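Listing of final.txt; format and content: compact mmCIF, C-alpha atoms.
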# COMPACT_ATOMS: atom_id res chain seq x y z
CA MET R 1 0.00 0.00 0.00
CA PRO R 2 1.40 3.46 -0.87
CA PRO R 3 2.42 5.37 2.30
CA SER R 4 0.05 8.23 1.38
CA LYS R 5 -2.89 5.81 1.18
CA PHE R 6 -1.93 4.31 4.54
CA TRP R 7 -1.92 7.72 6.24
CA ILE R 8 -5.21 8.73 4.62
CA ARG R 9 -6.87 5.53 5.84
CA LYS R 10 -5.33 5.79 9.30
CA THR R 11 -6.49 9.40 9.61
CA GLY R 12 -9.96 8.37 8.46
CA LEU R 13 -10.15 5.51 10.97
CA ASP R 14 -9.00 7.78 13.80
CA ALA R 15 -11.56 10.42 12.81
CA LEU R 16 -14.43 7.94 12.74
CA TYR R 17 -13.38 6.63 16.16
CA PHE R 18 -12.64 9.85 18.03
CA THR R 19 -15.75 11.63 16.72
CA GLY R 20 -17.85 8.73 18.00
CA ALA R 21 -19.29 8.14 14.54
CA SER R 22 -18.50 4.41 14.54
CA LYS R 23 -20.37 3.85 17.81
CA LEU R 24 -23.26 6.13 16.88
CA LEU R 25 -23.83 4.49 13.50
CA ARG R 26 -23.00 0.90 14.49
CA PRO R 27 -26.70 -0.13 14.70
CA LEU R 28 -27.07 0.91 11.05
CA THR R 29 -23.78 -0.42 9.68
CA ALA R 30 -22.84 -3.51 11.72
CA GLY R 31 -24.96 -5.94 9.68
CA ILE R 32 -25.78 -9.44 10.87
CA GLY R 33 -22.25 -10.77 11.10
CA ILE R 34 -18.72 -10.64 9.74
CA ILE R 35 -16.32 -12.88 7.86
CA LEU R 36 -12.78 -11.86 8.78
CA MET R 37 -9.92 -12.32 6.33
CA LEU R 38 -6.41 -13.03 7.59
CA HIS R 39 -3.28 -14.19 5.82
CA ARG R 40 -0.17 -14.38 7.99
CA VAL R 41 -0.03 -14.50 11.79
CA ARG R 42 3.51 -14.17 13.13
CA PRO R 43 5.68 -11.99 15.39
CA ALA R 44 6.42 -8.48 14.17
CA ARG R 45 9.43 -8.02 11.89
CA PRO R 46 12.04 -5.29 12.47
CA GLU R 47 12.59 -4.33 8.81
CA ARG R 48 11.47 -0.83 7.81
CA PHE R 49 10.60 -1.93 4.27
CA GLN R 50 7.55 -4.19 4.55
CA PRO R 51 5.23 -3.63 1.58
CA ASN R 52 3.29 -6.81 2.46
CA LYS R 53 2.75 -5.81 6.07
CA TYR R 54 -0.99 -5.45 5.48
CA LEU R 55 -1.05 -9.26 5.09
CA GLU R 56 0.45 -9.87 8.56
CA ILE R 57 -0.80 -9.52 12.09
CA THR R 58 0.90 -10.58 15.30
CA PRO R 59 -0.38 -13.44 17.49
CA GLN R 60 -1.04 -10.87 20.20
CA PHE R 61 -3.24 -8.82 17.90
CA LEU R 62 -5.15 -11.94 16.89
CA GLU R 63 -5.77 -12.54 20.59
CA ASN R 64 -6.79 -8.89 21.06
CA THR R 65 -9.19 -9.19 18.13
CA ILE R 66 -10.83 -12.29 19.61
CA ARG R 67 -11.17 -10.60 23.00
CA TRP R 68 -12.67 -7.46 21.41
CA LEU R 69 -15.22 -9.51 19.48
CA ARG R 70 -16.26 -11.40 22.61
CA ARG R 71 -16.61 -8.18 24.59
CA ASN R 72 -18.86 -6.89 21.85
CA ALA R 73 -21.13 -9.95 21.97
CA TYR R 74 -20.04 -11.66 18.75
CA GLU R 75 -20.34 -15.44 18.57
CA PHE R 76 -17.57 -17.32 16.75
CA VAL R 77 -18.87 -19.78 14.17
CA SER R 78 -17.51 -21.97 11.38
CA ILE R 79 -18.08 -21.00 7.76
CA ASP R 80 -20.69 -23.79 7.56
CA GLU R 81 -22.54 -22.35 10.55
CA ALA R 82 -22.31 -18.84 9.09
CA ARG R 83 -23.96 -20.15 5.91
CA SER R 84 -26.71 -21.86 7.91
CA ARG R 85 -27.50 -18.72 9.88
CA ILE R 86 -27.64 -16.60 6.75
CA LEU R 87 -29.95 -19.06 4.98
CA GLN R 88 -32.17 -19.63 8.02
CA ARG R 89 -32.15 -15.93 8.93
CA ARG R 90 -31.01 -16.60 12.47
CA PHE R 91 -29.83 -13.10 13.32
CA ASP R 92 -30.62 -12.99 17.02
CA ARG R 93 -26.90 -12.80 17.82
CA LYS R 94 -24.09 -11.27 15.78
CA PHE R 95 -21.58 -13.82 14.55
CA VAL R 96 -18.10 -13.88 13.09
CA ALA R 97 -16.24 -16.47 11.00
CA ILE R 98 -12.45 -16.30 10.82
CA THR R 99 -10.73 -17.25 7.56
CA LEU R 100 -7.05 -17.46 6.60
CA ASP R 101 -5.89 -17.42 2.97
CA ASP R 102 -3.05 -19.19 1.16
CA GLY R 103 -2.08 -21.85 3.71
CA TYR R 104 0.92 -20.17 5.31
CA ARG R 105 2.88 -22.21 7.81
CA ASP R 106 2.09 -19.46 10.31
CA VAL R 107 -1.38 -20.99 10.60
CA LYS R 108 0.06 -24.09 12.23
CA ILE R 109 2.77 -22.36 14.28
CA TRP R 110 1.12 -19.15 15.49
CA ALA R 111 -2.59 -18.88 14.59
CA LYS R 112 -3.82 -22.35 15.48
CA PRO R 113 -2.58 -22.25 19.13
CA VAL R 114 -4.35 -18.92 19.72
CA LEU R 115 -7.56 -20.04 18.05
CA ARG R 116 -7.60 -23.32 19.95
CA ARG R 117 -6.97 -21.57 23.26
CA PHE R 118 -10.10 -19.50 22.73
CA ASN R 119 -12.06 -22.36 21.09
CA VAL R 120 -12.55 -20.35 17.89
CA PRO R 121 -13.49 -22.13 14.62
CA TYR R 122 -11.47 -21.13 11.55
CA THR R 123 -11.22 -21.83 7.83
CA VAL R 124 -7.96 -22.17 5.89
CA TYR R 125 -8.14 -21.67 2.12
CA VAL R 126 -5.38 -23.61 0.34
CA ALA R 127 -3.99 -23.06 -3.15
CA THR R 128 -2.86 -26.56 -4.09
CA GLU R 129 0.32 -25.57 -6.00
CA LEU R 130 1.49 -23.67 -2.92
CA ALA R 131 0.95 -26.83 -0.86
CA ASP R 132 2.88 -28.80 -3.49
CA GLY R 133 5.76 -26.33 -3.22
CA THR R 134 5.58 -25.61 -6.96
CA GLY R 135 3.52 -22.41 -6.79
CA LYS R 136 4.77 -18.84 -6.73
CA LEU R 137 4.21 -16.20 -4.07
CA TRP R 138 5.17 -13.37 -6.39
CA TRP R 139 4.35 -10.65 -3.84
CA HIS R 140 6.93 -12.12 -1.44
CA ASP R 141 9.42 -12.57 -4.26
CA LEU R 142 8.95 -8.97 -5.28
CA GLU R 143 9.47 -7.73 -1.73
CA SER R 144 12.67 -9.76 -1.49
CA ILE R 145 14.00 -8.49 -4.84
CA VAL R 146 13.40 -4.85 -3.96
CA ALA R 147 14.68 -5.24 -0.39
CA THR R 148 18.00 -6.78 -1.40
CA ASN R 149 18.91 -4.57 -4.37
CA ASP R 150 19.79 -0.92 -4.93
CA ALA R 151 18.20 -1.08 -8.38
CA VAL R 152 15.89 -3.49 -10.15
CA GLU R 153 16.30 -4.16 -13.86
CA ILE R 154 13.49 -5.55 -15.94
CA ASP R 155 13.23 -5.53 -19.71
CA ARG R 156 14.53 -2.05 -20.66
CA SER R 157 13.78 -0.41 -17.33
CA ARG R 158 16.15 0.26 -14.46
CA ILE R 159 14.25 1.17 -11.31
CA PRO R 160 16.27 2.67 -8.41
CA CYS R 161 15.54 1.31 -4.93
CA ARG R 162 18.37 2.43 -2.70
CA SER R 163 16.44 4.45 -0.09
CA LEU R 164 13.29 3.42 1.75
CA ALA R 165 11.20 5.83 -0.31
CA GLU R 166 12.68 4.48 -3.54
CA LYS R 167 11.99 0.91 -2.44
CA GLN R 168 8.36 1.71 -1.67
CA SER R 169 7.97 3.42 -5.03
CA ALA R 170 9.75 0.60 -6.87
CA PHE R 171 7.54 -2.06 -5.28
CA ILE R 172 4.35 -0.22 -6.26
CA ARG R 173 5.61 0.32 -9.82
CA LEU R 174 6.65 -3.31 -10.27
CA GLU R 175 3.43 -4.59 -8.69
CA GLN R 176 1.45 -2.54 -11.19
CA MET R 177 3.56 -3.89 -14.05
CA ILE R 178 2.67 -7.41 -12.92
CA PHE R 179 -1.06 -6.67 -12.66
CA ASN R 180 -0.95 -5.05 -16.09
CA GLN R 181 0.20 -8.31 -17.68
CA PRO R 182 -2.57 -9.74 -19.88
CA CYS R 183 -2.66 -13.25 -18.38
CA PRO R 184 -1.14 -15.39 -15.60
CA ALA R 185 1.40 -16.87 -18.04
CA SER R 186 2.63 -13.36 -18.83
CA GLU R 187 2.84 -12.60 -15.10
CA ARG R 188 4.99 -15.66 -14.53
CA ALA R 189 7.18 -14.81 -17.53
CA PHE R 190 7.63 -11.30 -16.15
CA MET R 191 8.75 -12.70 -12.78
CA ASP R 192 11.07 -15.18 -14.56
CA ARG R 193 12.74 -12.25 -16.31
CA LEU R 194 13.14 -10.52 -12.96
CA PHE R 195 14.79 -13.62 -11.48
CA ALA R 196 17.09 -13.89 -14.46
CA ARG R 197 18.61 -10.58 -13.32
CA HIS R 198 18.12 -11.05 -9.57
CA HIS R 199 18.32 -14.81 -9.15
CA ASP R 200 19.07 -14.96 -5.41
CA ALA R 201 15.86 -13.29 -4.26
CA ALA R 202 13.17 -15.95 -4.88
CA VAL R 203 11.12 -17.17 -1.90
CA PRO R 204 10.20 -20.85 -2.44
CA ALA R 205 6.57 -21.57 -1.62
CA ASP R 206 7.51 -24.44 0.67
CA ALA R 207 9.62 -22.05 2.74
CA VAL R 208 6.53 -20.19 3.95
CA CYS R 209 3.50 -22.39 3.11
CA MET R 210 2.38 -25.64 4.68
CA GLY R 211 2.99 -28.89 2.85
CA TRP R 212 0.36 -31.61 2.67
CA ASP R 213 1.35 -33.34 5.92
CA GLU R 214 1.05 -30.03 7.76
CA ILE R 215 -2.30 -29.26 6.13
CA ARG R 216 -3.56 -32.70 7.17
CA GLU R 217 -2.40 -31.93 10.72
CA VAL R 218 -4.40 -28.68 10.74
CA ALA R 219 -7.40 -30.38 9.07
CA ALA R 220 -7.49 -32.89 11.94
CA ASP R 221 -8.32 -30.04 14.33
CA PRO R 222 -12.10 -30.16 15.03
CA LEU R 223 -12.16 -26.36 14.88
CA ALA R 224 -10.65 -26.24 11.38
CA THR R 225 -12.29 -26.24 7.97
CA ILE R 226 -10.16 -26.51 4.81
CA GLY R 227 -11.38 -24.66 1.75
CA ALA R 228 -10.14 -24.28 -1.82
CA HIS R 229 -8.15 -21.28 -3.07
CA THR R 230 -7.71 -22.52 -6.67
CA VAL R 231 -4.72 -24.47 -8.00
CA SER R 232 -2.23 -21.74 -8.94
CA HIS R 233 -3.68 -18.60 -7.28
CA PRO R 234 -4.31 -16.67 -10.54
CA LEU R 235 -6.30 -13.52 -11.06
CA LEU R 236 -9.31 -15.39 -12.37
CA ALA R 237 -10.71 -12.62 -14.54
CA LYS R 238 -7.61 -13.00 -16.74
CA VAL R 239 -7.93 -16.73 -17.41
CA PRO R 240 -9.95 -18.33 -20.24
CA ASP R 241 -13.05 -20.40 -19.50
CA THR R 242 -11.29 -23.78 -19.68
CA ARG R 243 -8.55 -22.67 -17.29
CA LEU R 244 -11.14 -21.18 -14.92
CA ARG R 245 -12.96 -24.49 -14.71
CA THR R 246 -9.68 -26.31 -14.04
CA GLU R 247 -8.76 -23.88 -11.26
CA LEU R 248 -12.10 -24.25 -9.47
CA PHE R 249 -12.93 -27.90 -10.13
CA GLN R 250 -9.45 -29.40 -9.84
CA SER R 251 -8.47 -27.56 -6.67
CA ARG R 252 -11.47 -29.03 -4.91
CA ARG R 253 -10.76 -32.51 -6.28
CA ILE R 254 -7.09 -32.38 -5.21
CA LEU R 255 -7.95 -31.22 -1.69
CA GLU R 256 -10.58 -33.94 -1.26
CA ASP R 257 -8.13 -36.56 -2.50
CA LYS R 258 -5.27 -35.36 -0.29
CA LEU R 259 -7.36 -34.86 2.85
CA GLN R 260 -9.97 -37.60 2.36
CA ARG R 261 -12.80 -35.26 3.26
CA ASP R 262 -15.36 -33.15 1.44
CA VAL R 263 -14.46 -29.59 0.51
CA HIS R 264 -17.40 -27.20 0.19
CA HIS R 265 -15.92 -23.70 0.43
CA LEU R 266 -13.88 -21.44 -1.83
CA ALA R 267 -11.92 -18.19 -1.59
CA TYR R 268 -11.27 -16.36 -4.87
CA PRO R 269 -7.65 -15.20 -5.22
CA TYR R 270 -7.41 -11.41 -4.93
CA GLY R 271 -11.20 -11.36 -4.76
CA THR R 272 -11.80 -7.77 -5.87
CA ALA R 273 -14.49 -6.62 -8.29
CA GLU R 274 -11.78 -6.54 -10.96
CA ALA R 275 -10.66 -10.10 -10.17
CA VAL R 276 -13.97 -11.99 -10.02
CA GLY R 277 -17.46 -11.49 -11.37
CA PRO R 278 -20.56 -13.27 -12.70
CA ARG R 279 -18.58 -15.74 -14.83
CA GLU R 280 -16.55 -16.92 -11.82
CA PHE R 281 -19.61 -17.07 -9.57
CA GLU R 282 -21.40 -19.26 -12.13
CA VAL R 283 -18.50 -21.72 -12.41
CA ALA R 284 -18.17 -21.85 -8.61
CA ALA R 285 -21.83 -22.90 -8.49
CA GLU R 286 -21.22 -25.56 -11.14
CA ALA R 287 -18.27 -26.86 -9.11
CA GLY R 288 -20.59 -27.41 -6.16
CA TYR R 289 -19.22 -24.94 -3.63
CA ARG R 290 -21.61 -24.00 -0.84
CA THR R 291 -19.94 -20.67 -0.16
CA ALA R 292 -17.29 -18.56 -1.86
CA VAL R 293 -15.70 -15.47 -0.36
CA THR R 294 -14.37 -12.34 -2.03
CA THR R 295 -12.26 -9.51 -0.62
CA HIS R 296 -15.09 -7.00 -0.94
CA PRO R 297 -14.83 -5.22 2.44
CA GLU R 298 -18.35 -5.31 3.82
CA VAL R 299 -20.19 -6.83 6.76
CA LEU R 300 -22.73 -9.56 6.13
CA THR R 301 -26.33 -8.50 5.54
CA GLU R 302 -29.63 -10.32 4.97
CA PRO R 303 -29.41 -10.16 1.13
CA ASP R 304 -26.25 -12.31 1.31
CA ALA R 305 -28.62 -15.30 1.50
CA HIS R 306 -28.99 -14.82 -2.27
CA ARG R 307 -25.25 -14.41 -2.99
CA LEU R 308 -23.52 -17.13 -1.03
CA LEU R 309 -20.90 -17.47 -3.77
CA GLN R 310 -19.83 -13.84 -3.51
CA LEU R 311 -19.68 -13.20 0.21
CA PRO R 312 -17.79 -10.13 1.49
CA ARG R 313 -14.96 -10.21 4.02
CA ILE R 314 -13.25 -7.60 6.17
CA ASN R 315 -9.46 -7.78 6.14
CA VAL R 316 -7.69 -7.67 9.50
CA ASP R 317 -4.98 -5.36 8.19
CA GLY R 318 -1.51 -5.57 9.72
CA THR R 319 -0.94 -1.86 9.21
CA TYR R 320 -3.77 -0.99 11.63
CA GLN R 321 -3.09 -3.10 14.72
CA ARG R 322 -4.79 -0.89 17.28
CA GLU R 323 -8.03 -1.58 19.07
CA ARG R 324 -9.62 1.71 18.01
CA HIS R 325 -8.95 0.85 14.36
CA LEU R 326 -10.46 -2.59 14.91
CA ASP R 327 -13.50 -0.94 16.49
CA VAL R 328 -14.13 1.20 13.40
CA LEU R 329 -13.39 -1.57 10.87
CA LEU R 330 -15.69 -4.09 12.50
CA SER R 331 -18.45 -1.53 13.05
CA GLY R 332 -18.95 -1.77 9.30
CA LEU R 333 -18.74 2.02 8.92
CA ALA R 334 -15.22 2.30 7.51
CA PRO R 335 -15.73 -0.52 4.96
CA ALA R 336 -18.99 1.11 3.87
CA VAL R 337 -17.26 4.47 3.39
CA TRP R 338 -14.36 2.90 1.47
CA SER R 339 -16.74 0.91 -0.72
CA LYS R 340 -18.66 4.08 -1.61
CA MET R 341 -15.42 5.91 -2.42
CA ARG R 342 -14.26 3.05 -4.68
CA HIS R 343 -17.61 3.13 -6.49
CA ILE R 344 -17.28 6.88 -7.06
CA ARG R 345 -13.73 6.46 -8.37
CA ARG R 346 -14.84 3.73 -10.79
CA LEU R 347 -17.63 5.97 -12.09
CA HIS R 348 -15.19 8.86 -12.42
CA ARG R 349 -12.77 6.74 -14.45
CA ARG R 350 -15.62 5.48 -16.64
CA PHE R 351 -16.92 8.97 -17.45
CA ARG R 352 -13.42 10.22 -18.17
CA GLN R 353 -12.98 7.62 -20.91
CA PRO R 354 -13.08 9.12 -24.42
CA ALA R 355 -16.23 8.46 -26.39
CA TYR R 356 -15.83 6.53 -29.61
CA GLY R 357 -18.57 6.65 -32.22
What's the structure tokens form of this structure?
Amino acid sequence: MPPSKFWIRKTGLDALYFTGASKLLRPLTAGIGIILMLHRVRPARPERFQPNKYLEITPQFLENTIRWLRRNAYEFVSIDEARSRILQRRFDRKFVAITLDDGYRDVKIWAKPVLRRFNVPYTVYVATELADGTGKLWWHDLESIVATNDAVEIDRSRIPCRSLAEKQSAFIRLEQMIFNQPCPASERAFMDRLFARHHDAAVPADAVCMGWDEIREVAADPLATIGAHTVSHPLLAKVPDTRLRTELFQSRRILEDKLQRDVHHLAYPYGTAEAVGPREFEVAAEAGYRTAVTTHPEVLTEPDAHRLLQLPRINVDGTYQRERHLDVLLSGLAPAVWSKMRHIRRLHRRFRQPAYG
């Protein structure tokens, strides 16, 4: 996240908290429940350059989050129970389901002990190539490349990254270059060209993600549910129909074969409005998933009973690890404001497009 965007969001969260707006409007914005999205849970790192920090929270903050939710009368439920309550319209008590994406080893080492201590159900969404050790965590690779070099060379560009500010700028620029690639194969080719110049910076998936034995160990926990996160973690909107079906059908089949249990739940990689849409929701239904979660930052509401394959989630962001920020995020007010602002920006971009006759 660009530093300017971080400070704008932090200032906004503080304003909504200290003005009392989040508490005043909570009855209107809190919805019926929440699905929380986490990625990594591990002790804080000392490095100043951490562009992926928003994906990490500390075990202590996970514990603080659980305590805050209990103080505020939330009931912790599994993703199956969340689905049942939405369908049956059992909204007498607010509920929360905790989910963790990608299958990081942190789940086993740091998150699981905290969740078990508080008897909290949780869902882990696994991308099968990451579990195999053959997948790519390009966002970690990119952080490593920028962190360990004074300049990054790619194609005909030489991007300076000596100072902290240059590294932050370089990461954002390279990240955008990756997202601008037309398809996942082009993204991988782009990263391969980066490694050809900076070959010591790759982060093997099996260095940070659980292998199958570890996933089976987590799956044996009665509190755990394992869900699918596709095969190769692509931006699904970029893949053709045949590849989309492979990603959604085969990931479920592989997980069921490896774990010898049914898999009913899916998390779309990236999960934004630009990453998934009606085509992906339709194929998820064909694949037999009972729920599928996006990264659209909203609380759950009654109409979600009709869109179980496009459920929203609120990210527990590692850059805002303070209770007052948690208070505003989980009130539903900040996500609602951000969602409205994104909608306005999309409309602005659309109307600024030139008209072609």
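Residue nearest Pro278 (chain R), chosen from R:Ala151, R:Leu259, R:Leu236, R:Met191 and counting all atoms listed in the file: R:Leu236.
Residues with any atom within 10 Å of Val239 (chain R), counting all atoms listed in the file and excluding same-chain neighbours fewer than 4 positions away, are Pro182, Cys183, Pro184, Ala185, Pro234, Leu235, Arg243, Leu244, Arg245 and Glu247 of chain R.
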* **Counting all atoms listed in the file, the option among R:His265, R:Phe118, R:Leu55, R:Asp92 closest to Arg67 (chain R)** => R:Phe118
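Atom pair CA of Ser144 (chain R) / CA of Phe190 (chain R) has a distance of 15.6 Å (rounded to one decimal).
If you measure from each of R:Gly133, R:Pro51, R:Gly288, R:Pro303 to Pro204 (chain R) using only C-alpha atoms, the closest one turns out to be R:Gly133.
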* To do: Identify which of the residues R:Ile32, R:Ala189, R:Val41, R:Ile57 lies closest to Asp317 (chain R), counting all atoms listed in the file when measuring atom-to-atom distances.
  => R:Ile57
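Nearest to Tyr54 (chain R) of all the residues R:Arg40, R:Arg252, R:Lys238, R:Arg279 is R:Arg40, counting only C-alpha atoms.
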* **Å distance separating CA of Gly271 (chain R) from CA of Pro312 (chain R), one decimal place** => 9.2 Å
Around all the atoms of region 169-176 of chain R listed in the file, with 3 Å of room on each side, what axis-aligned box do you get, giving centre and edge lengths in Å to one decimal, as JSON?
{"center_x": 5.6, "center_y": -0.6, "center_z": -8.1, "size_x": 14.3, "size_y": 14.0, "size_z": 12.2}
Please list, as a PDB file with C-alpha atoms, in the coordinates of the input, the residues that have an atom at most 10 Å away from (6.1, -25.7, 8.1) in the coordinates of this file, counting all atoms listed in the file.
ATOM      1  CA  TYR R 104       0.920 -20.170   5.310  1.00  0.00           C
ATOM      2  CA  ARG R 105       2.880 -22.210   7.810  1.00  0.00           C
ATOM      3  CA  ASP R 106       2.090 -19.460  10.310  1.00  0.00           C
ATOM      4  CA  VAL R 107      -1.380 -20.990  10.600  1.00  0.00           C
ATOM      5  CA  LYS R 108       0.060 -24.090  12.230  1.00  0.00           C
ATOM      6  CA  ILE R 109       2.770 -22.360  14.280  1.00  0.00           C
ATOM      7  CA  ASP R 206       7.510 -24.440   0.670  1.00  0.00           C
ATOM      8  CA  ALA R 207       9.620 -22.050   2.740  1.00  0.00           C
ATOM      9  CA  VAL R 208       6.530 -20.190   3.950  1.00  0.00           C
ATOM     10  CA  CYS R 209       3.500 -22.390   3.110  1.00  0.00           C
ATOM     11  CA  MET R 210       2.380 -25.640   4.680  1.00  0.00           C
ATOM     12  CA  GLY R 211       2.990 -28.890   2.850  1.00  0.00           C
ATOM     13  CA  TRP R 212       0.360 -31.610   2.670  1.00  0.00           C
ATOM     14  CA  ASP R 213       1.350 -33.340   5.920  1.00  0.00           C
ATOM     15  CA  GLU R 214       1.050 -30.030   7.760  1.00  0.00           C
ATOM     16  CA  ILE R 215      -2.300 -29.260   6.130  1.00  0.00           C
TER      17      ILE R 215
END
* **Among the residues R:Ser251, R:Thr134, R:Thr294, R:Thr128, the one that comes closest to Ala267 (chain R) [using only C-alpha atoms]** => R:Thr294
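If you look at CA of Gln260 (chain R) and CA of Glu217 (chain R), they are 12.6 Å away from each other.
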* 8 Å contact set for Ile226 (chain R), all atoms listed in the file, chain neighbours under 6 positions out, as an MDAnalysis selection string -> chainID R and resid 123:126 219 263 265
